[in-house]
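Encoded as C-alpha cells, the structure appears first; notes follow it.
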Amino acid sequence: MKPIKREHKVRAFHQAKWDEPVIFELHQPGERGVWVPEAEAEIKEAVGDGVSQIPASMRRSEAPKLPEIGQAKVLRHYLRLSQETLGSDLNVEIGQGTCTMKYIPRVNEFLIRSDKVADLHPLQDESTVQGMLEIYHRMDLAMREISGMDAFSFQPSSGTQALFAMASIVRAYHEANGEGDQRDEIITTIFSHPSQAATAAVKGYKIITLYPDENGFPDIEKLKAVISERTAGFVVANPEDTGIFNPRIREFTDLVHEAGGLCFYDQANANGLLGIARAKEAGFDMCFFNLHKTFAAPHMCGGPATGALGVVEKLKPFLPGPYVEEENGRYTFKWDQELSIGKVRSFHGVAQTVLRSYAWIRSLGAEGLLNVAQIAVLNNNYLYHHITKIRGASAPYVEGMRLEQVRYSWEQLAQETGVTTEDVQRRMCDFGLHYWTSHHPYIVPQPFTLEPTESYSKDDLDEYIAALEHISYEAYNEPQIVKDAPHASTVHRIDESSLDDPALWCTSWRVYLRKTGLAAAQK
Amino acid sequence: MTSPNRTVHPYIPNTVPEVREAMLRSIGIHDIEELYRGVPAHLRMPEAMNMPPALAEYELQRHVERLVARNTSAKEAVSFLGAGCWQHFIPAVCDEISQRSEFVTAYAGEPYEDHGRFQALFEYQSLMAELIDMDVVNVPTFDWAQAASTALRMAARMTGRGRVLVAGSVSPDKLKIITNYCTPVIQVETVKFDAATGALDLGDLKGKLGGDVAAVYIENPGYLGMIEANGGQIADLAHAHGAEFVVGVDPSSLGVLAPPSAYGADIVCGDLQPLGIRMNYGGGQAGFIATRDEERYVMEYPSRLFGIAPTSVEGEYGFGDVAYERTSFAKREKGKESVGTQTALWGIVAGVYLAIMGPHGMRELGTTIMQKSQYAARVLGRIPGVQVRVEGAFFKEFVVDFNGTGKTVRELNEGLLAEGIFGGKDLSEDFPELGQCALYCVTEVIFQEDIDRLAAALKRLTDRA
C-alpha cells in the first residue's frame, strides 16, 4: 500500500449534522418514555385516587401538552444534539479567553458520580456527611494557601454570584460602620467582566468605570480623581481581560483603603498566578476564584459552577453562611448570623464542583499548581509571539507583558479586507475550533481573546495558529469564503432578524407554532 | 519534592523539558521567569504554598473514595427530607445525557459549533412552557430563591415600585436570599399565613397592599407542603392594586395541580431539581422563570432566552439569543441585573426528563405522590401524641407535630438515624411558633414498607412506657 498523504495544515473538519426535528415533532400519541412508580394497592385502598383531595380551583383540568415519545427515541434525539455540540473535550478550546478552558480530568467526573456524593440531601445530619464536610474544609485550607485570604465560602455558584456576594459584603460592612448611605459608589475598570459592574448596580451602587492608559494599564491618576468619601469599594481583575498585569495594584488598593473603601478581586484570570502572586500581597480584602475555570471543573454549557469566595479575617462575619469548621476531628457547620449578608444560594453551593476542584488540586500539589501557572503563561506568550506575526492581526497596548491571555485585534485585517472578527469567528467553526471575540463594548476594535491554558500541547497551539494564518490568507485572497462561513457546520447562516422583534421572536415551540400560523393550520 | 518520574504532569503536556525549551527558544527567552518580569517582588508569594504532594490518578481515587465513604447517601437510608431539595426517581436517560462529555464541557460556543446546546435549551424552554402553560421560559438561573428574587425585581422595574409582599410561609433561607438580593433597592415585607391550612391571610394581605407594591409572591404548594386554594383571589387583590402576581411552584406537582397561570399568575418561578436532577448535596438546584410573551416582560429578564430562527437554507432550524441587548453581557451595569454562568446543564436535563415523562408520566407522578404522602400523613397521625398539622390539601410535604410526645424533633431524628432513617426537617428553629414540628417529605421513591417502617420506629421512640 502507498502511504496515505496527510499534508494539510488545517483540519478537514465537518461538524455533526443530524437535521434533528424539534422534540415536539417526535410526538406519537400513546408512546411512553418511562413508567413511574405506583402507590401500592393498600395505599390506594386507604386514600383513593389522591388527587380528589386537591381543591377544585387548584386541580389541573387539562394535561400539559408535552410530547409522547418512546425512550429510545428520546435518548437518540439528545445524543444527536450532544454530537452537534462541540464541547471543550473535543476541541482545542483556547479560543474562549477569560474562561480558562482546561482539561477536565475524567477521574474527577467519575468521583462525583458516586451515590455518596450525587444522592446526598443537603439537610442530612452532619454525622452522615463527614466526608463531604471534610472536603469543604480541605478546600478551604487549600484556597487560603493559594490566596492568602483567611476564610472561604463555597456557597456562590458562579463568578457572577460571587461578585454579587462581595458587593453585598461591601454594603453590609459599611452599614455596620454607619457609612452605608454615604458610601454609594463602586469603582471598576472597563477591561473587567461586565458582571462586576452589573452586580454592584443590583446592590444599589453607582458604578464608576475606569478606562486604561495608552499602554493598557489601569490609570492610577484616573483612580485618584474619582476616589472619595463616597467610595464603597474597588473591584478589578488582575490581569485584566487584556492579559496585562497591573504591577502597581498595591498602590491602587492602598489608595482605596485610605479613602475608607474595600478592595475586592475578581480572580477569573488567576491561572497564570497560582503559586506566583496572591490577593493578600496585592492588598485585597476579598477575592473569588471560579472553580469551573482555574480549578478544572467543567463549564456544563454554563453551570452549575462555583465562585469560591475568600475574605480577610475582619470580613469573615459578613460571609454568607453556614460554613464548615473543624472541631477536634469532626466537621460541623458554623454561622454567626449577626453581621452576615445571609445567603446567596440555597444550601451549601454546588458540592460536586467543590469536590472536582479538590481532586484537581490534590492531583497537582504545590509544585504542580506552580507548573500550571508557568506553562499557561508560556503557552500564552508562545501564541502571542506567533499570532502577532499573522498579517492583519495585532495586540494593542504595551508590547509583551502578557500573562495567561491576550485580547488581540483584527483592526488592520478588517480595514484592508473587509473581513471582521465575527467573520473569522464563523470561519474558525469550519476547522472545529472555537473562537471568541470580547465582552461589550468593543474597546479593542475587531477583538478576539485567546487563553491557551496549561492543558494544550505545542502541537495544539500550532494547529490553532495555523488556522488563524489560513483565515488571514483567505481574507486577503478570497475573502468571500470567510464572509460566507460557516461551510462545515450543523447549520448555515442564521437569519437573526426575528430575534429582536417582539412580533416575531419565538422563545418556545408553542410561540413558534402560533406566530408562524402553524398552530392555526394544525387546527 | 516531586519524584523524578513525575516531572511531566499528565494534565500539562508542555512540562516535557525539550518541548518547553523549544517554546522558550521560539519566543526568544531563556527562562519562564522572564515572562513574569511585570509582577514585582513585593507582590510575589512570600513562600511556597504548603500543600500535600501530588497524587497519581489511582492514589487520588483511593483518597477521595475513602473520604466519601464516610457519607451515607439518602439512597442507603430511607429519607423523608425535602424542604427545597427532593429525592425523586431519576430516569437513566437523564443521567446519561447529564454526563455526556459534549454537554459537560461545552460553554459559550456559537450556534454554529453548539447547535445542539442551543436546540436542547430551546426545547427545555418549550417543554417547561407546556408544563407551566406560559410562553416564555428562561435559560435557568441559580435556584428557586434566585428565580423568585429576580421575578420580584422584574416586577419592581415594570411597575416602578419599591415594595414587595412575600408569603410568610416561604423558607427562611429563601427569604434571606430574596431579602439580600432586593436590599436596598426594594423593601421586602412578609404576609401572615394560617399555620393549619398554609393559606395566606387575606386580611393581612389587604392591609399591606397599596399603590407602592410591585408584587405579591406566594408559593403553591407552599414550603410547608400545603396547597393554597385562594390563588385566584390573591391574584385579583394584587391586580386591583396594579401589582404583579408572582407564584413559585414545585414543577413535579404540575401533572395534577393547576399551573399558576390558570389562577392569574403573571410571573411563575420555581426549582428544576425535581425534574430528573440528582440532589448532589444541594448542587442540583436550578431556577426557572416564566411569563407571557409580552414585550414588557421579555425585556425585563436578565437571563438568556434562546429563540428559534430560520437559516439561509430552507428547512433548517437555527437558534439564537432573543433580545440580547437587555443583558449585562451587552450593557454591563445598564443591563437587567446580571447574567453569566448559571445552571444551563440542569435545564437540558429537565428537558430530557419532561420528554421522557410526557403528559401521562407527569400526571402519574403527581398522583403517586399525592397518594403516598396522604397515606404517610394518615399513618403518622395515628401514633399517640403525634399530630399531622394539615387541615387542607397538601402535596409531597406536610408538617408533623411532635409537641404531644414530650420529645424534641432532634431527639427523635437521632433515634431514627440510628435505624437508618432520615427524619423530616426540624422546623423548631425556623418556625419557633410551631414548637416541635418537622417537615416530612414523601415522594414516589418512598414505598409503603418505608412508611410503615418509619411509623413503627416513631412509635417506639415516642412510647413513654
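Naming scheme: A, B, ... for chains in displayed order of the C-alpha cells; residues 1 onward per chain; ligands 1 onward as shown.
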Could you pull out all residues of region 63-181 of chain B with a DSSP call of alpha helix (DSSP H) and give them as a PDB file with N, CA and C atoms, in the first residue's frame?
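The new file part-v8.pdb reads:
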ATOM      1  N   HIS B  63      -7.972   8.005  47.700  1.00  0.00           N
ATOM      2  CA  HIS B  63      -8.110   9.039  48.733  1.00  0.00           C
ATOM      3  C   HIS B  63      -9.531   9.589  48.768  1.00  0.00           C
ATOM      4  N   VAL B  64     -10.055   9.968  47.605  1.00  0.00           N
ATOM      5  CA  VAL B  64     -11.387  10.590  47.582  1.00  0.00           C
ATOM      6  C   VAL B  64     -12.460   9.549  47.902  1.00  0.00           C
ATOM      7  N   GLU B  65     -12.295   8.360  47.376  1.00  0.00           N
ATOM      8  CA  GLU B  65     -13.304   7.329  47.665  1.00  0.00           C
ATOM      9  C   GLU B  65     -13.368   7.034  49.166  1.00  0.00           C
ATOM     10  N   ARG B  66     -12.233   7.079  49.814  1.00  0.00           N
ATOM     11  CA  ARG B  66     -12.246   6.846  51.274  1.00  0.00           C
ATOM     12  C   ARG B  66     -12.909   8.002  52.011  1.00  0.00           C
ATOM     13  N   LEU B  67     -12.684   9.208  51.505  1.00  0.00           N
ATOM     14  CA  LEU B  67     -13.355  10.355  52.137  1.00  0.00           C
ATOM     15  C   LEU B  67     -14.870  10.237  51.995  1.00  0.00           C
ATOM     16  N   VAL B  68     -15.333  10.000  50.775  1.00  0.00           N
ATOM     17  CA  VAL B  68     -16.789   9.997  50.582  1.00  0.00           C
ATOM     18  C   VAL B  68     -17.436   8.729  51.145  1.00  0.00           C
ATOM     19  N   ALA B  92     -32.791   6.823  33.812  1.00  0.00           N
ATOM     20  CA  ALA B  92     -31.385   6.613  33.434  1.00  0.00           C
ATOM     21  C   ALA B  92     -30.985   7.488  32.251  1.00  0.00           C
ATOM     22  N   VAL B  93     -31.925   7.764  31.369  1.00  0.00           N
ATOM     23  CA  VAL B  93     -31.605   8.603  30.205  1.00  0.00           C
ATOM     24  C   VAL B  93     -31.193  10.009  30.675  1.00  0.00           C
ATOM     25  N   CYS B  94     -31.786  10.489  31.757  1.00  0.00           N
ATOM     26  CA  CYS B  94     -31.383  11.807  32.284  1.00  0.00           C
ATOM     27  C   CYS B  94     -29.925  11.781  32.725  1.00  0.00           C
ATOM     28  N   ASP B  95     -29.546  10.726  33.457  1.00  0.00           N
ATOM     29  CA  ASP B  95     -28.148  10.621  33.896  1.00  0.00           C
ATOM     30  C   ASP B  95     -27.215  10.522  32.694  1.00  0.00           C
ATOM     31  N   GLU B  96     -27.616   9.724  31.714  1.00  0.00           N
ATOM     32  CA  GLU B  96     -26.772   9.543  30.529  1.00  0.00           C
ATOM     33  C   GLU B  96     -26.511  10.897  29.856  1.00  0.00           C
ATOM     34  N   ILE B  97     -27.555  11.667  29.663  1.00  0.00           N
ATOM     35  CA  ILE B  97     -27.381  12.945  28.964  1.00  0.00           C
ATOM     36  C   ILE B  97     -26.622  13.936  29.844  1.00  0.00           C
ATOM     37  N   SER B  98     -26.870  13.900  31.145  1.00  0.00           N
ATOM     38  CA  SER B  98     -26.187  14.865  32.015  1.00  0.00           C
ATOM     39  C   SER B  98     -24.694  14.570  32.121  1.00  0.00           C
ATOM     40  N   SER B 101     -20.032  13.980  27.567  1.00  0.00           N
ATOM     41  CA  SER B 101     -18.838  14.805  27.517  1.00  0.00           C
ATOM     42  C   SER B 101     -19.089  16.152  26.819  1.00  0.00           C
ATOM     43  N   GLU B 102     -19.833  16.128  25.696  1.00  0.00           N
ATOM     44  CA  GLU B 102     -20.039  17.368  24.933  1.00  0.00           C
ATOM     45  C   GLU B 102     -20.797  18.395  25.759  1.00  0.00           C
ATOM     46  N   PHE B 103     -21.860  17.956  26.450  1.00  0.00           N
ATOM     47  CA  PHE B 103     -22.647  18.898  27.242  1.00  0.00           C
ATOM     48  C   PHE B 103     -21.899  19.308  28.517  1.00  0.00           C
ATOM     49  N   VAL B 104     -21.178  18.352  29.111  1.00  0.00           N
ATOM     50  CA  VAL B 104     -20.470  18.674  30.360  1.00  0.00           C
ATOM     51  C   VAL B 104     -19.393  19.722  30.110  1.00  0.00           C
ATOM     52  N   THR B 105     -18.735  19.662  28.941  1.00  0.00           N
ATOM     53  CA  THR B 105     -17.592  20.553  28.746  1.00  0.00           C
ATOM     54  C   THR B 105     -17.864  21.706  27.784  1.00  0.00           C
ATOM     55  N   HIS B 115     -24.855  24.046  17.972  1.00  0.00           N
ATOM     56  CA  HIS B 115     -26.262  23.990  17.572  1.00  0.00           C
ATOM     57  C   HIS B 115     -27.055  23.106  18.551  1.00  0.00           C
ATOM     58  N   GLY B 116     -26.453  21.992  18.934  1.00  0.00           N
ATOM     59  CA  GLY B 116     -27.143  21.043  19.814  1.00  0.00           C
ATOM     60  C   GLY B 116     -27.446  21.635  21.182  1.00  0.00           C
ATOM     61  N   ARG B 117     -26.504  22.405  21.735  1.00  0.00           N
ATOM     62  CA  ARG B 117     -26.719  23.059  23.029  1.00  0.00           C
ATOM     63  C   ARG B 117     -27.863  24.062  22.920  1.00  0.00           C
ATOM     64  N   PHE B 118     -27.854  24.850  21.863  1.00  0.00           N
ATOM     65  CA  PHE B 118     -28.925  25.832  21.683  1.00  0.00           C
ATOM     66  C   PHE B 118     -30.276  25.130  21.522  1.00  0.00           C
ATOM     67  N   GLN B 119     -30.293  24.074  20.715  1.00  0.00           N
ATOM     68  CA  GLN B 119     -31.569  23.395  20.482  1.00  0.00           C
ATOM     69  C   GLN B 119     -32.063  22.734  21.772  1.00  0.00           C
ATOM     70  N   ALA B 120     -31.154  22.094  22.504  1.00  0.00           N
ATOM     71  CA  ALA B 120     -31.563  21.402  23.739  1.00  0.00           C
ATOM     72  C   ALA B 120     -32.143  22.409  24.741  1.00  0.00           C
ATOM     73  N   LEU B 121     -31.550  23.598  24.811  1.00  0.00           N
ATOM     74  CA  LEU B 121     -32.069  24.591  25.759  1.00  0.00           C
ATOM     75  C   LEU B 121     -33.352  25.240  25.243  1.00  0.00           C
ATOM     76  N   PHE B 122     -33.447  25.416  23.938  1.00  0.00           N
ATOM     77  CA  PHE B 122     -34.722  25.905  23.378  1.00  0.00           C
ATOM     78  C   PHE B 122     -35.832  24.884  23.658  1.00  0.00           C
ATOM     79  N   GLU B 123     -35.498  23.616  23.525  1.00  0.00           N
ATOM     80  CA  GLU B 123     -36.501  22.571  23.791  1.00  0.00           C
ATOM     81  C   GLU B 123     -36.871  22.542  25.265  1.00  0.00           C
ATOM     82  N   TYR B 124     -35.870  22.719  26.114  1.00  0.00           N
ATOM     83  CA  TYR B 124     -36.168  22.807  27.552  1.00  0.00           C
ATOM     84  C   TYR B 124     -37.163  23.941  27.813  1.00  0.00           C
ATOM     85  N   GLN B 125     -36.881  25.118  27.237  1.00  0.00           N
ATOM     86  CA  GLN B 125     -37.789  26.261  27.419  1.00  0.00           C
ATOM     87  C   GLN B 125     -39.207  25.888  26.959  1.00  0.00           C
ATOM     88  N   SER B 126     -39.260  25.197  25.820  1.00  0.00           N
ATOM     89  CA  SER B 126     -40.549  24.877  25.212  1.00  0.00           C
ATOM     90  C   SER B 126     -41.316  23.836  26.021  1.00  0.00           C
ATOM     91  N   LEU B 127     -40.604  22.830  26.539  1.00  0.00           N
ATOM     92  CA  LEU B 127     -41.247  21.777  27.329  1.00  0.00           C
ATOM     93  C   LEU B 127     -41.741  22.353  28.654  1.00  0.00           C
ATOM     94  N   MET B 128     -40.910  23.186  29.283  1.00  0.00           N
ATOM     95  CA  MET B 128     -41.335  23.833  30.529  1.00  0.00           C
ATOM     96  C   MET B 128     -42.526  24.743  30.262  1.00  0.00           C
ATOM     97  N   ALA B 129     -42.508  25.415  29.117  1.00  0.00           N
ATOM     98  CA  ALA B 129     -43.609  26.315  28.766  1.00  0.00           C
ATOM     99  C   ALA B 129     -44.930  25.545  28.757  1.00  0.00           C
ATOM    100  N   GLU B 130     -44.902  24.300  28.276  1.00  0.00           N
ATOM    101  CA  GLU B 130     -46.124  23.486  28.277  1.00  0.00           C
ATOM    102  C   GLU B 130     -46.510  23.083  29.697  1.00  0.00           C
ATOM    103  N   LEU B 131     -45.512  22.679  30.474  1.00  0.00           N
ATOM    104  CA  LEU B 131     -45.818  22.247  31.842  1.00  0.00           C
ATOM    105  C   LEU B 131     -46.424  23.391  32.649  1.00  0.00           C
ATOM    106  N   ILE B 132     -45.861  24.594  32.488  1.00  0.00           N
ATOM    107  CA  ILE B 132     -46.313  25.758  33.265  1.00  0.00           C
ATOM    108  C   ILE B 132     -47.458  26.468  32.566  1.00  0.00           C
ATOM    109  N   TRP B 144     -34.270  28.267  42.867  1.00  0.00           N
ATOM    110  CA  TRP B 144     -35.609  28.827  43.048  1.00  0.00           C
ATOM    111  C   TRP B 144     -35.535  30.195  43.739  1.00  0.00           C
ATOM    112  N   ALA B 145     -34.692  30.279  44.754  1.00  0.00           N
ATOM    113  CA  ALA B 145     -34.609  31.532  45.501  1.00  0.00           C
ATOM    114  C   ALA B 145     -34.158  32.676  44.588  1.00  0.00           C
ATOM    115  N   GLN B 146     -33.193  32.395  43.717  1.00  0.00           N
ATOM    116  CA  GLN B 146     -32.738  33.425  42.782  1.00  0.00           C
ATOM    117  C   GLN B 146     -33.835  33.744  41.771  1.00  0.00           C
ATOM    118  N   ALA B 147     -34.540  32.707  41.319  1.00  0.00           N
ATOM    119  CA  ALA B 147     -35.621  32.926  40.352  1.00  0.00           C
ATOM    120  C   ALA B 147     -36.690  33.820  40.976  1.00  0.00           C
ATOM    121  N   ALA B 148     -37.027  33.558  42.235  1.00  0.00           N
ATOM    122  CA  ALA B 148     -38.029  34.386  42.919  1.00  0.00           C
ATOM    123  C   ALA B 148     -37.506  35.807  43.087  1.00  0.00           C
ATOM    124  N   SER B 149     -36.236  35.929  43.468  1.00  0.00           N
ATOM    125  CA  SER B 149     -35.644  37.262  43.671  1.00  0.00           C
ATOM    126  C   SER B 149     -35.693  38.067  42.370  1.00  0.00           C
ATOM    127  N   THR B 150     -35.303  37.426  41.294  1.00  0.00           N
ATOM    128  CA  THR B 150     -35.295  38.115  40.003  1.00  0.00           C
ATOM    129  C   THR B 150     -36.712  38.435  39.541  1.00  0.00           C
ATOM    130  N   ALA B 151     -37.653  37.497  39.770  1.00  0.00           N
ATOM    131  CA  ALA B 151     -39.046  37.769  39.399  1.00  0.00           C
ATOM    132  C   ALA B 151     -39.534  39.026  40.119  1.00  0.00           C
ATOM    133  N   LEU B 152     -39.163  39.164  41.385  1.00  0.00           N
ATOM    134  CA  LEU B 152     -39.600  40.338  42.144  1.00  0.00           C
ATOM    135  C   LEU B 152     -38.935  41.616  41.628  1.00  0.00           C
ATOM    136  N   ARG B 153     -37.683  41.499  41.252  1.00  0.00           N
ATOM    137  CA  ARG B 153     -37.010  42.690  40.711  1.00  0.00           C
ATOM    138  C   ARG B 153     -37.562  43.045  39.334  1.00  0.00           C
ATOM    139  N   MET B 154     -37.913  42.031  38.555  1.00  0.00           N
ATOM    140  CA  MET B 154     -38.560  42.305  37.254  1.00  0.00           C
ATOM    141  C   MET B 154     -39.841  43.098  37.497  1.00  0.00           C
ATOM    142  N   ALA B 155     -40.625  42.629  38.475  1.00  0.00           N
ATOM    143  CA  ALA B 155     -41.898  43.296  38.774  1.00  0.00           C
ATOM    144  C   ALA B 155     -41.658  44.733  39.235  1.00  0.00           C
ATOM    145  N   ALA B 156     -40.620  44.926  40.036  1.00  0.00           N
ATOM    146  CA  ALA B 156     -40.326  46.271  40.536  1.00  0.00           C
ATOM    147  C   ALA B 156     -39.944  47.211  39.392  1.00  0.00           C
ATOM    148  N   ARG B 157     -39.167  46.699  38.448  1.00  0.00           N
ATOM    149  CA  ARG B 157     -38.786  47.542  37.300  1.00  0.00           C
ATOM    150  C   ARG B 157     -40.000  47.852  36.432  1.00  0.00           C
ATOM    151  N   MET B 158     -40.852  46.831  36.252  1.00  0.00           N
ATOM    152  CA  MET B 158     -42.015  47.031  35.385  1.00  0.00           C
ATOM    153  C   MET B 158     -42.988  48.046  35.963  1.00  0.00           C
ATOM    154  N   THR B 159     -43.150  48.003  37.290  1.00  0.00           N
ATOM    155  CA  THR B 159     -44.147  48.862  37.916  1.00  0.00           C
ATOM    156  C   THR B 159     -43.549  50.171  38.400  1.00  0.00           C
ATOM    157  N   PRO B 172     -37.231  30.139  55.455  1.00  0.00           N
ATOM    158  CA  PRO B 172     -36.410  31.240  55.981  1.00  0.00           C
ATOM    159  C   PRO B 172     -35.139  31.455  55.172  1.00  0.00           C
ATOM    160  N   ASP B 173     -34.543  30.374  54.681  1.00  0.00           N
ATOM    161  CA  ASP B 173     -33.327  30.541  53.876  1.00  0.00           C
ATOM    162  C   ASP B 173     -33.636  31.274  52.579  1.00  0.00           C
ATOM    163  N   LYS B 174     -34.779  30.920  51.975  1.00  0.00           N
ATOM    164  CA  LYS B 174     -35.142  31.596  50.737  1.00  0.00           C
ATOM    165  C   LYS B 174     -35.411  33.071  51.003  1.00  0.00           C
ATOM    166  N   LEU B 175     -36.051  33.335  52.119  1.00  0.00           N
ATOM    167  CA  LEU B 175     -36.339  34.729  52.453  1.00  0.00           C
ATOM    168  C   LEU B 175     -35.039  35.519  52.652  1.00  0.00           C
ATOM    169  N   LYS B 176     -34.033  34.865  53.213  1.00  0.00           N
ATOM    170  CA  LYS B 176     -32.721  35.532  53.377  1.00  0.00           C
ATOM    171  C   LYS B 176     -32.147  35.891  52.009  1.00  0.00           C
ATOM    172  N   ILE B 177     -32.248  34.950  51.077  1.00  0.00           N
ATOM    173  CA  ILE B 177     -31.683  35.197  49.747  1.00  0.00           C
ATOM    174  C   ILE B 177     -32.447  36.320  49.045  1.00  0.00           C
ATOM    175  N   ILE B 178     -33.781  36.245  49.120  1.00  0.00           N
ATOM    176  CA  ILE B 178     -34.601  37.279  48.480  1.00  0.00           C
ATOM    177  C   ILE B 178     -34.300  38.641  49.097  1.00  0.00           C
ATOM    178  N   THR B 179     -34.240  38.678  50.427  1.00  0.00           N
ATOM    179  CA  THR B 179     -34.024  39.956  51.117  1.00  0.00           C
ATOM    180  C   THR B 179     -32.677  40.555  50.732  1.00  0.00           C
ATOM    181  N   ASN B 180     -31.633  39.706  50.743  1.00  0.00           N
ATOM    182  CA  ASN B 180     -30.316  40.249  50.381  1.00  0.00           C
ATOM    183  C   ASN B 180     -30.295  40.699  48.928  1.00  0.00           C
ATOM    184  N   TYR B 181     -31.008  39.969  48.062  1.00  0.00           N
ATOM    185  CA  TYR B 181     -30.970  40.330  46.642  1.00  0.00           C
ATOM    186  C   TYR B 181     -31.748  41.619  46.374  1.00  0.00           C
TER     187      TYR B 181
END
Show me, as a VMD selection string, the residues that have an atom within 10 Å of Gly97 (chain A) when counting only C-alpha atoms, minus same-chain residues fewer than 5 positions from it.
chain A and resid 241 to 243 269 404 to 407 435 to 438 448 to 453
Go ahead and write the residues just picked, C-alpha atoms, as a PDB file, in the first residue's frame.
ATOM      1  CA  ASP A 241      -9.040  40.626  30.133  1.00  0.00           C
ATOM      2  CA  THR A 242      -6.210  42.046  28.024  1.00  0.00           C
ATOM      3  CA  GLY A 243      -3.800  39.719  29.850  1.00  0.00           C
ATOM      4  CA  ASN A 269      -7.803  35.483  35.409  1.00  0.00           C
ATOM      5  CA  GLU A 404      -2.207  33.991  30.638  1.00  0.00           C
ATOM      6  CA  GLN A 405      -4.364  35.538  27.893  1.00  0.00           C
ATOM      7  CA  VAL A 406      -4.370  38.275  25.266  1.00  0.00           C
ATOM      8  CA  ARG A 407      -7.013  40.443  23.696  1.00  0.00           C
ATOM      9  CA  TYR A 435     -13.052  31.454  18.883  1.00  0.00           C
ATOM     10  CA  TRP A 436     -14.443  34.268  20.973  1.00  0.00           C
ATOM     11  CA  THR A 437     -14.402  37.994  20.353  1.00  0.00           C
ATOM     12  CA  SER A 438     -14.801  40.038  23.529  1.00  0.00           C
ATOM     13  CA  PHE A 448     -10.562  38.356  19.796  1.00  0.00           C
ATOM     14  CA  THR A 449      -9.479  36.937  23.112  1.00  0.00           C
ATOM     15  CA  LEU A 450      -7.420  33.780  23.436  1.00  0.00           C
ATOM     16  CA  GLU A 451      -6.320  31.913  26.544  1.00  0.00           C
ATOM     17  CA  PRO A 452      -4.363  28.746  25.847  1.00  0.00           C
ATOM     18  CA  THR A 453      -4.069  27.448  29.473  1.00  0.00           C
TER      19      THR A 453
END
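Nearest-residue note for chain A: choosing from B:Asn280, B:Ser79, B:Thr141, B:Ser169, the minimum distance belongs to B:Asn280, counting only C-alpha atoms.
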Within 7 Å of region 312-321 of chain B, counting only C-alpha atoms, which residues qualify if same-chain residues fewer than 6 places away don't, as a PyMOL selection string?
(chain A and resi 491-495+499) or (chain B and resi 111+118-119+304-306)
Between CA of Ile220 (chain A) and CA of Ala201 (chain A), measure the distance and give it in Å to one decimal.
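Interatomic distance here is 23.0 Å.
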Using only C-alpha atoms, which residues sit within 10 Å of Gln522 (chain A) once same-chain residues fewer than 4 positions away are excluded, as a PyMOL selection string?
chain A and resi 513+517-518
Fewer than 4 positions away in the same chain doesn't count, so skip those; otherwise give me all residues within 12 Å of Glu21 (chain B), counting only C-alpha atoms, as a VMD selection string.
(chain A and resid 375 378 to 379 382 458) or (chain B and resid 14 to 17 25 to 32)
